[in-house]
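> Structure supplied as query35.pdb; contents: PDB, C-alpha atoms.
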```pdb
ATOM      1  CA  THR K   1     -15.032 -41.794   7.513  1.00  0.00           C
ATOM      2  CA  SER K   2     -11.291 -41.791   7.961  1.00  0.00           C
ATOM      3  CA  PRO K   3      -9.003 -39.078   6.595  1.00  0.00           C
ATOM      4  CA  GLU K   4      -7.663 -41.644   4.119  1.00  0.00           C
ATOM      5  CA  HIS K   5     -11.086 -42.574   2.674  1.00  0.00           C
ATOM      6  CA  TYR K   6     -12.567 -39.057   2.741  1.00  0.00           C
ATOM      7  CA  PRO K   7     -11.270 -37.947  -0.704  1.00  0.00           C
ATOM      8  CA  SER K   8     -13.160 -40.835  -2.333  1.00  0.00           C
ATOM      9  CA  VAL K   9     -16.402 -39.560  -0.779  1.00  0.00           C
ATOM     10  CA  THR K  10     -16.171 -35.839  -1.525  1.00  0.00           C
ATOM     11  CA  THR K  11     -13.745 -33.414  -3.106  1.00  0.00           C
ATOM     12  CA  THR K  12     -15.519 -30.116  -2.377  1.00  0.00           C
ATOM     13  CA  ARG K  13     -13.657 -29.665   0.909  1.00  0.00           C
ATOM     14  CA  THR K  14     -10.827 -31.353   2.741  1.00  0.00           C
ATOM     15  CA  TYR K  15     -10.849 -33.377   5.929  1.00  0.00           C
ATOM     16  CA  GLU K  16      -8.824 -30.589   7.510  1.00  0.00           C
ATOM     17  CA  ASP K  17     -11.607 -28.145   6.535  1.00  0.00           C
ATOM     18  CA  ARG K  18     -14.070 -30.344   8.424  1.00  0.00           C
ATOM     19  CA  LEU K  19     -11.829 -30.487  11.489  1.00  0.00           C
ATOM     20  CA  GLN K  20     -11.432 -26.699  11.374  1.00  0.00           C
ATOM     21  CA  THR K  21     -15.225 -26.337  11.237  1.00  0.00           C
ATOM     22  CA  ILE K  22     -15.514 -28.473  14.373  1.00  0.00           C
ATOM     23  CA  ALA K  23     -12.903 -26.277  16.098  1.00  0.00           C
ATOM     24  CA  ASN K  24     -14.728 -23.105  15.009  1.00  0.00           C
ATOM     25  CA  VAL K  25     -18.068 -24.428  16.283  1.00  0.00           C
ATOM     26  CA  ARG K  26     -16.494 -25.379  19.613  1.00  0.00           C
ATOM     27  CA  GLU K  27     -14.747 -21.996  19.890  1.00  0.00           C
ATOM     28  CA  ALA K  28     -18.083 -20.233  19.265  1.00  0.00           C
ATOM     29  CA  GLY K  29     -19.534 -22.047  22.284  1.00  0.00           C
ATOM     30  CA  ILE K  30     -21.852 -24.246  20.238  1.00  0.00           C
ATOM     31  CA  SER K  31     -22.281 -27.943  21.073  1.00  0.00           C
ATOM     32  CA  VAL K  32     -20.516 -30.119  18.522  1.00  0.00           C
ATOM     33  CA  CYS K  33     -22.498 -32.734  16.604  1.00  0.00           C
ATOM     34  CA  CYS K  34     -20.223 -34.760  14.347  1.00  0.00           C
ATOM     35  CA  GLY K  35     -20.492 -38.377  13.310  1.00  0.00           C
ATOM     36  CA  GLY K  36     -20.242 -40.660  10.351  1.00  0.00           C
ATOM     37  CA  ILE K  37     -22.095 -42.556   7.682  1.00  0.00           C
ATOM     38  CA  LEU K  38     -21.549 -46.269   7.185  1.00  0.00           C
ATOM     39  CA  GLY K  39     -21.948 -47.680   3.683  1.00  0.00           C
ATOM     40  CA  LEU K  40     -19.836 -45.213   1.694  1.00  0.00           C
ATOM     41  CA  GLY K  41     -17.477 -47.900   0.449  1.00  0.00           C
ATOM     42  CA  GLU K  42     -15.266 -47.613   3.523  1.00  0.00           C
ATOM     43  CA  LYS K  43     -13.344 -50.480   5.074  1.00  0.00           C
ATOM     44  CA  GLU K  44     -13.417 -51.382   8.776  1.00  0.00           C
ATOM     45  CA  ASN K  45     -10.160 -49.499   9.343  1.00  0.00           C
ATOM     46  CA  ASP K  46     -11.835 -46.359   7.933  1.00  0.00           C
ATOM     47  CA  ARG K  47     -14.584 -46.698  10.528  1.00  0.00           C
ATOM     48  CA  VAL K  48     -11.972 -47.063  13.253  1.00  0.00           C
ATOM     49  CA  GLY K  49     -10.126 -44.073  11.764  1.00  0.00           C
ATOM     50  CA  LEU K  50     -13.211 -41.872  12.088  1.00  0.00           C
ATOM     51  CA  LEU K  51     -13.733 -42.812  15.732  1.00  0.00           C
ATOM     52  CA  HIS K  52     -10.026 -42.333  16.447  1.00  0.00           C
ATOM     53  CA  VAL K  53     -10.159 -38.802  15.024  1.00  0.00           C
ATOM     54  CA  LEU K  54     -13.263 -37.903  17.061  1.00  0.00           C
ATOM     55  CA  ALA K  55     -11.969 -39.507  20.272  1.00  0.00           C
ATOM     56  CA  THR K  56      -8.623 -37.711  20.045  1.00  0.00           C
ATOM     57  CA  LEU K  57     -10.006 -34.216  19.458  1.00  0.00           C
ATOM     58  CA  PRO K  58      -9.145 -31.802  22.280  1.00  0.00           C
ATOM     59  CA  GLU K  59     -12.727 -32.371  23.504  1.00  0.00           C
ATOM     60  CA  HIS K  60     -15.126 -35.126  22.457  1.00  0.00           C
ATOM     61  CA  PRO K  61     -18.154 -34.003  20.453  1.00  0.00           C
ATOM     62  CA  GLU K  62     -21.280 -33.717  22.585  1.00  0.00           C
ATOM     63  CA  SER K  63     -23.173 -35.688  19.933  1.00  0.00           C
ATOM     64  CA  VAL K  64     -21.952 -38.407  17.547  1.00  0.00           C
ATOM     65  CA  PRO K  65     -24.604 -39.635  15.108  1.00  0.00           C
ATOM     66  CA  ILE K  66     -23.933 -43.069  13.627  1.00  0.00           C
ATOM     67  CA  ASN K  67     -25.748 -43.296  10.302  1.00  0.00           C
ATOM     68  CA  ALA K  68     -26.368 -46.071   7.796  1.00  0.00           C
ATOM     69  CA  LEU K  69     -26.330 -44.645   4.295  1.00  0.00           C
ATOM     70  CA  VAL K  70     -29.783 -44.163   2.835  1.00  0.00           C
ATOM     71  CA  SER K  71     -29.189 -43.899  -0.888  1.00  0.00           C
ATOM     72  CA  VAL K  72     -31.215 -41.099  -2.403  1.00  0.00           C
ATOM     73  CA  LYS K  73     -31.918 -41.027  -6.127  1.00  0.00           C
ATOM     74  CA  GLY K  74     -30.303 -38.018  -7.756  1.00  0.00           C
ATOM     75  CA  THR K  75     -27.157 -38.212  -5.623  1.00  0.00           C
ATOM     76  CA  PRO K  76     -23.865 -39.831  -6.687  1.00  0.00           C
ATOM     77  CA  MET K  77     -24.218 -42.610  -4.097  1.00  0.00           C
ATOM     78  CA  GLY K  78     -27.869 -43.173  -4.993  1.00  0.00           C
ATOM     79  CA  ASP K  79     -27.312 -43.261  -8.733  1.00  0.00           C
ATOM     80  CA  ASN K  80     -24.125 -45.293  -9.123  1.00  0.00           C
ATOM     81  CA  GLY K  81     -25.565 -48.512  -7.687  1.00  0.00           C
ATOM     82  CA  GLU K  82     -22.437 -49.209  -5.643  1.00  0.00           C
ATOM     83  CA  VAL K  83     -24.022 -48.641  -2.233  1.00  0.00           C
ATOM     84  CA  GLU K  84     -23.007 -51.282   0.279  1.00  0.00           C
ATOM     85  CA  ASP K  85     -25.579 -52.704   2.642  1.00  0.00           C
ATOM     86  CA  VAL K  86     -24.898 -51.936   6.285  1.00  0.00           C
ATOM     87  CA  ASN K  87     -26.181 -54.572   8.677  1.00  0.00           C
ATOM     88  CA  ALA K  88     -27.195 -54.299  12.312  1.00  0.00           C
ATOM     89  CA  PHE K  89     -23.915 -55.819  13.474  1.00  0.00           C
ATOM     90  CA  ASP K  90     -21.904 -53.177  11.573  1.00  0.00           C
ATOM     91  CA  MET K  91     -23.952 -50.493  13.289  1.00  0.00           C
ATOM     92  CA  ALA K  92     -23.737 -52.137  16.715  1.00  0.00           C
ATOM     93  CA  ARG K  93     -19.937 -52.494  16.469  1.00  0.00           C
ATOM     94  CA  MET K  94     -19.554 -48.834  15.485  1.00  0.00           C
ATOM     95  CA  ILE K  95     -21.911 -47.678  18.250  1.00  0.00           C
ATOM     96  CA  ALA K  96     -20.238 -49.855  20.901  1.00  0.00           C
ATOM     97  CA  THR K  97     -16.790 -48.597  19.926  1.00  0.00           C
ATOM     98  CA  ALA K  98     -17.978 -44.975  19.972  1.00  0.00           C
ATOM     99  CA  ARG K  99     -19.474 -45.551  23.436  1.00  0.00           C
ATOM    100  CA  ILE K 100     -16.194 -46.990  24.752  1.00  0.00           C
ATOM    101  CA  VAL K 101     -13.891 -44.294  23.350  1.00  0.00           C
ATOM    102  CA  MET K 102     -16.271 -41.362  24.057  1.00  0.00           C
ATOM    103  CA  PRO K 103     -18.197 -42.395  27.182  1.00  0.00           C
ATOM    104  CA  ARG K 104     -19.861 -39.010  27.858  1.00  0.00           C
ATOM    105  CA  THR K 105     -20.939 -38.397  24.276  1.00  0.00           C
ATOM    106  CA  MET K 106     -24.532 -38.788  23.123  1.00  0.00           C
ATOM    107  CA  VAL K 107     -24.155 -41.601  20.581  1.00  0.00           C
ATOM    108  CA  ARG K 108     -27.125 -41.211  18.282  1.00  0.00           C
ATOM    109  CA  LEU K 109     -28.750 -43.948  16.250  1.00  0.00           C
ATOM    110  CA  SER K 110     -29.601 -41.803  13.281  1.00  0.00           C
ATOM    111  CA  ALA K 111     -30.165 -42.014   9.506  1.00  0.00           C
ATOM    112  CA  GLY K 112     -30.962 -45.454   8.190  1.00  0.00           C
ATOM    113  CA  ARG K 113     -32.696 -46.440  11.421  1.00  0.00           C
ATOM    114  CA  LEU K 114     -35.913 -47.226   9.550  1.00  0.00           C
ATOM    115  CA  SER K 115     -34.143 -49.950   7.557  1.00  0.00           C
ATOM    116  CA  PHE K 116     -33.615 -51.961  10.758  1.00  0.00           C
ATOM    117  CA  SER K 117     -36.174 -54.060  12.630  1.00  0.00           C
ATOM    118  CA  ASP K 118     -37.219 -53.221  16.180  1.00  0.00           C
ATOM    119  CA  ALA K 119     -35.011 -56.077  17.431  1.00  0.00           C
ATOM    120  CA  GLU K 120     -32.010 -54.755  15.479  1.00  0.00           C
ATOM    121  CA  GLN K 121     -32.578 -51.262  16.855  1.00  0.00           C
ATOM    122  CA  PHE K 122     -32.754 -52.727  20.363  1.00  0.00           C
ATOM    123  CA  LEU K 123     -29.363 -54.379  19.732  1.00  0.00           C
ATOM    124  CA  MET K 124     -27.932 -50.981  18.761  1.00  0.00           C
ATOM    125  CA  PHE K 125     -29.262 -49.349  21.910  1.00  0.00           C
ATOM    126  CA  GLN K 126     -27.841 -52.165  24.012  1.00  0.00           C
ATOM    127  CA  ALA K 127     -24.507 -51.660  22.216  1.00  0.00           C
ATOM    128  CA  GLY K 128     -24.429 -48.076  23.500  1.00  0.00           C
ATOM    129  CA  ALA K 129     -26.681 -45.776  21.483  1.00  0.00           C
ATOM    130  CA  ASN K 130     -28.430 -43.453  23.885  1.00  0.00           C
ATOM    131  CA  SER K 131     -30.169 -41.027  21.604  1.00  0.00           C
ATOM    132  CA  ILE K 132     -32.085 -40.630  18.363  1.00  0.00           C
ATOM    133  CA  PHE K 133     -33.118 -37.714  16.229  1.00  0.00           C
ATOM    134  CA  ASN K 134     -36.854 -37.371  15.999  1.00  0.00           C
ATOM    135  CA  GLY K 135     -39.108 -35.073  14.078  1.00  0.00           C
ATOM    136  CA  ASP K 136     -40.590 -35.187  10.615  1.00  0.00           C
ATOM    137  CA  LYS K 137     -37.417 -35.474   8.600  1.00  0.00           C
ATOM    138  CA  LEU K 138     -33.652 -35.712   8.803  1.00  0.00           C
ATOM    139  CA  LEU K 139     -31.752 -33.862   6.072  1.00  0.00           C
ATOM    140  CA  THR K 140     -32.949 -36.065   3.219  1.00  0.00           C
ATOM    141  CA  THR K 141     -34.932 -38.950   4.701  1.00  0.00           C
ATOM    142  CA  SER K 142     -38.077 -39.426   6.725  1.00  0.00           C
ATOM    143  CA  ASN K 143     -38.140 -40.185  10.428  1.00  0.00           C
ATOM    144  CA  PRO K 144     -40.741 -42.272  12.261  1.00  0.00           C
ATOM    145  CA  GLU K 145     -43.727 -40.469  13.703  1.00  0.00           C
ATOM    146  CA  PHE K 146     -43.176 -39.372  17.315  1.00  0.00           C
ATOM    147  CA  ASP K 147     -45.906 -41.759  18.498  1.00  0.00           C
ATOM    148  CA  ALA K 148     -44.147 -44.678  16.772  1.00  0.00           C
ATOM    149  CA  ASP K 149     -40.854 -43.861  18.515  1.00  0.00           C
ATOM    150  CA  GLU K 150     -42.672 -43.458  21.816  1.00  0.00           C
ATOM    151  CA  ALA K 151     -44.295 -46.904  21.393  1.00  0.00           C
ATOM    152  CA  LEU K 152     -40.927 -48.430  20.421  1.00  0.00           C
ATOM    153  CA  PHE K 153     -39.250 -47.032  23.524  1.00  0.00           C
ATOM    154  CA  LYS K 154     -42.117 -48.233  25.697  1.00  0.00           C
ATOM    155  CA  LYS K 155     -41.689 -51.728  24.200  1.00  0.00           C
ATOM    156  CA  PHE K 156     -37.951 -51.540  24.990  1.00  0.00           C
ATOM    157  CA  GLY K 157     -38.625 -50.349  28.545  1.00  0.00           C
ATOM    158  CA  PHE K 158     -36.718 -47.114  27.908  1.00  0.00           C
ATOM    159  CA  ARG K 159     -37.399 -43.856  29.667  1.00  0.00           C
ATOM    160  CA  GLY K 160     -36.627 -40.623  27.862  1.00  0.00           C
ATOM    161  CA  LYS K 161     -34.822 -37.596  29.154  1.00  0.00           C
ATOM    162  CA  PRO K 162     -35.469 -33.967  28.326  1.00  0.00           C
ATOM    163  CA  ALA K 163     -34.017 -32.800  25.026  1.00  0.00           C
ATOM    164  CA  HIS K 164     -30.796 -30.794  24.882  1.00  0.00           C
ATOM    165  CA  GLN K 165     -29.319 -32.240  28.052  1.00  0.00           C
ATOM    166  CA  GLY K 166     -26.273 -34.456  28.333  1.00  0.00           C
ATOM    167  CA  PRO K 167     -26.361 -38.081  29.382  1.00  0.00           C
ATOM    168  CA  ARG K 168     -27.933 -39.043  32.679  1.00  0.00           C
ATOM    169  CA  VAL K 169     -25.497 -39.320  35.555  1.00  0.00           C
ATOM    170  CA  ALA K 170     -25.151 -42.753  37.138  1.00  0.00           C
ATOM    171  CA  PRO K 171     -26.454 -42.977  40.738  1.00  0.00           C
ATOM    172  CA  ALA K 172     -22.967 -43.842  42.081  1.00  0.00           C
ATOM    173  CA  GLU K 173     -21.606 -40.742  40.400  1.00  0.00           C
ATOM    174  CA  ALA K 174     -24.441 -38.540  41.665  1.00  0.00           C
ATOM    175  CA  ASP K 175     -23.799 -39.839  45.214  1.00  0.00           C
ATOM    176  CA  GLY K 176     -20.099 -38.937  44.935  1.00  0.00           C
ATOM    177  CA  LYS K 177     -18.944 -42.566  45.107  1.00  0.00           C
ATOM    178  CA  VAL K 178     -17.448 -42.324  41.608  1.00  0.00           C
ATOM    179  CA  HIS K 179     -15.641 -39.287  40.226  1.00  0.00           C
ATOM    180  CA  ILE K 180     -15.638 -38.760  36.455  1.00  0.00           C
ATOM    181  CA  SER K 181     -13.094 -36.267  35.197  1.00  0.00           C
ATOM    182  CA  HIS K 182     -12.337 -34.793  31.820  1.00  0.00           C
ATOM    183  CA  VAL K 183      -8.782 -34.382  30.629  1.00  0.00           C
ATOM    184  CA  LYS K 184      -8.113 -31.272  28.581  1.00  0.00           C
ATOM    185  CA  GLY K 185      -4.567 -30.752  27.350  1.00  0.00           C
ATOM    186  CA  ASN K 186      -2.152 -31.035  30.243  1.00  0.00           C
ATOM    187  CA  THR K 187      -4.658 -29.959  32.871  1.00  0.00           C
ATOM    188  CA  GLN K 188      -7.521 -31.864  34.414  1.00  0.00           C
ATOM    189  CA  GLU K 189     -10.892 -30.319  35.036  1.00  0.00           C
ATOM    190  CA  GLN K 190     -14.091 -31.819  36.393  1.00  0.00           C
ATOM    191  CA  GLN K 191     -16.704 -32.260  33.705  1.00  0.00           C
ATOM    192  CA  TYR K 192     -19.634 -33.300  35.908  1.00  0.00           C
ATOM    193  CA  ALA K 193     -20.085 -32.726  39.633  1.00  0.00           C
TER     194      ALA K 193
END
```
Could you quickly redo this structure as structure tokens?

Amino acid sequence: TSPEHYPSVTTTRTYEDRLQTIANVREAGISVCCGGILGLGEKENDRVGLLHVLATLPEHPESVPINALVSVKGTPMGDNGEVEDVNAFDMARMIATARIVMPRTMVRLSAGRLSFSDAEQFLMFQAGANSIFNGDKLLTTSNPEFDADEALFKKFGFRGKPAHQGPRVAPAEADGKVHISHVKGNTQEQQYA
């Protein structure tokens, strides 16, 4: 969420603490995975605020999960009954915006995915999601079985890539017809050959 909305979500640490954690992870040479959860009572400008913060970091995160809140009983959001429904269009808008402002980032369709139909998930992938988390469980919620995800991707006509690799390079880029660069501070360095 945005820096402005963050204090209404948690008070155990500050937004600046989170940003410092991202900097520490990056400095340690670890790939950064940092995204957001929709459905925490945020407004549209809070969603934009989150993406603005991530897109204006010195380097974009390698992975940005876009989550729909899955309320879990026994948690403040699961017990207070004030959880807002997040629809497929909310998710698609957030994913599409993340894809535009962070084009080399793995935008992950993540928690809450099971609450959306196959057609809604397809919409989210077409909006710019290019990754999922798979395995038995996310932090607090179940994930589909691997075979179910494999069948879904086959239905969509998607082809997977090996895990722990960045996005595929477009043929025009691989052939040298297009040059993608990465701006870091006041200097420019090539991110992909």
> Which neighbours of K:Gln121 fall inside 12 Å, counting all atoms listed in the file, when residues of the same chain fewer than 5 positions from it are skipped, and could you give them as a ChimeraX atom specification?
/K:87-89,91-92,95,108-110,112-116,126-132,149,152-153,155-156
> Excluding same-chain residues fewer than 5 positions from stretch 51-62 of chain K, what lies within 8 Å of it counting all atoms listed in the file, as a PyMOL selection string?
chain K and resi 2+31-34+97-98+101-102+104-106+166+184-185
> Neighbours of K:Lys43 within 12 Å (all atoms listed in the file; same-chain residues fewer than 3 positions away dropped), as a list in words?
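What passes the distance filter is Thr1, Ser2, Glu4, His5, Tyr6, Leu38, Gly39, Leu40, Asp46, Arg47, Val48, Gly49, Leu50, Glu84, Val86 and Asp90 of chain K.
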> Keeping only C-alpha atoms, write the selected residues to a file as a short mmCIF file (atom, residue, chain, number, x, y, z; two decimals), in the coordinates of the input.

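Result went into out_34.cif, see below:
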```
data_model
loop_
_atom_site.label_atom_id
_atom_site.label_comp_id
_atom_site.auth_asym_id
_atom_site.auth_seq_id
_atom_site.Cartn_x
_atom_site.Cartn_y
_atom_site.Cartn_z
CA THR K 1 -15.03 -41.79 7.51
CA SER K 2 -11.29 -41.79 7.96
CA GLU K 4 -7.66 -41.64 4.12
CA HIS K 5 -11.09 -42.57 2.67
CA TYR K 6 -12.57 -39.06 2.74
CA LEU K 38 -21.55 -46.27 7.18
CA GLY K 39 -21.95 -47.68 3.68
CA LEU K 40 -19.84 -45.21 1.69
CA ASP K 46 -11.84 -46.36 7.93
CA ARG K 47 -14.58 -46.70 10.53
CA VAL K 48 -11.97 -47.06 13.25
CA GLY K 49 -10.13 -44.07 11.76
CA LEU K 50 -13.21 -41.87 12.09
CA GLU K 84 -23.01 -51.28 0.28
CA VAL K 86 -24.90 -51.94 6.28
CA ASP K 90 -21.90 -53.18 11.57
#
```
> Quick check, in Å to one decimal: how far apart do atom CA of K:Glu44 and atom CA of K:Pro3 lie?
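Computing it gives 13.3 Å between the two atoms.
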> At what distance in Å, to one decimal, does atom CA of K:Leu19 lie from atom CA of K:Asp85?
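For atom CA of K:Asp85 relative to atom CA of K:Leu19, the distance reads 27.6 Å.
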> Taking all atoms listed in the file into account, which of K:Val9, K:Met94, K:Ile100, K:Ala119 comes nearest K:Gly35?
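Smallest distance to K:Gly35 is found for K:Met94.
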> Between atom CA of K:Lys177 and atom CA of K:Met124, what is the distance, to one decimal in Å?
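Going from atom CA of K:Lys177 over to atom CA of K:Met124, I get 29.1 Å.
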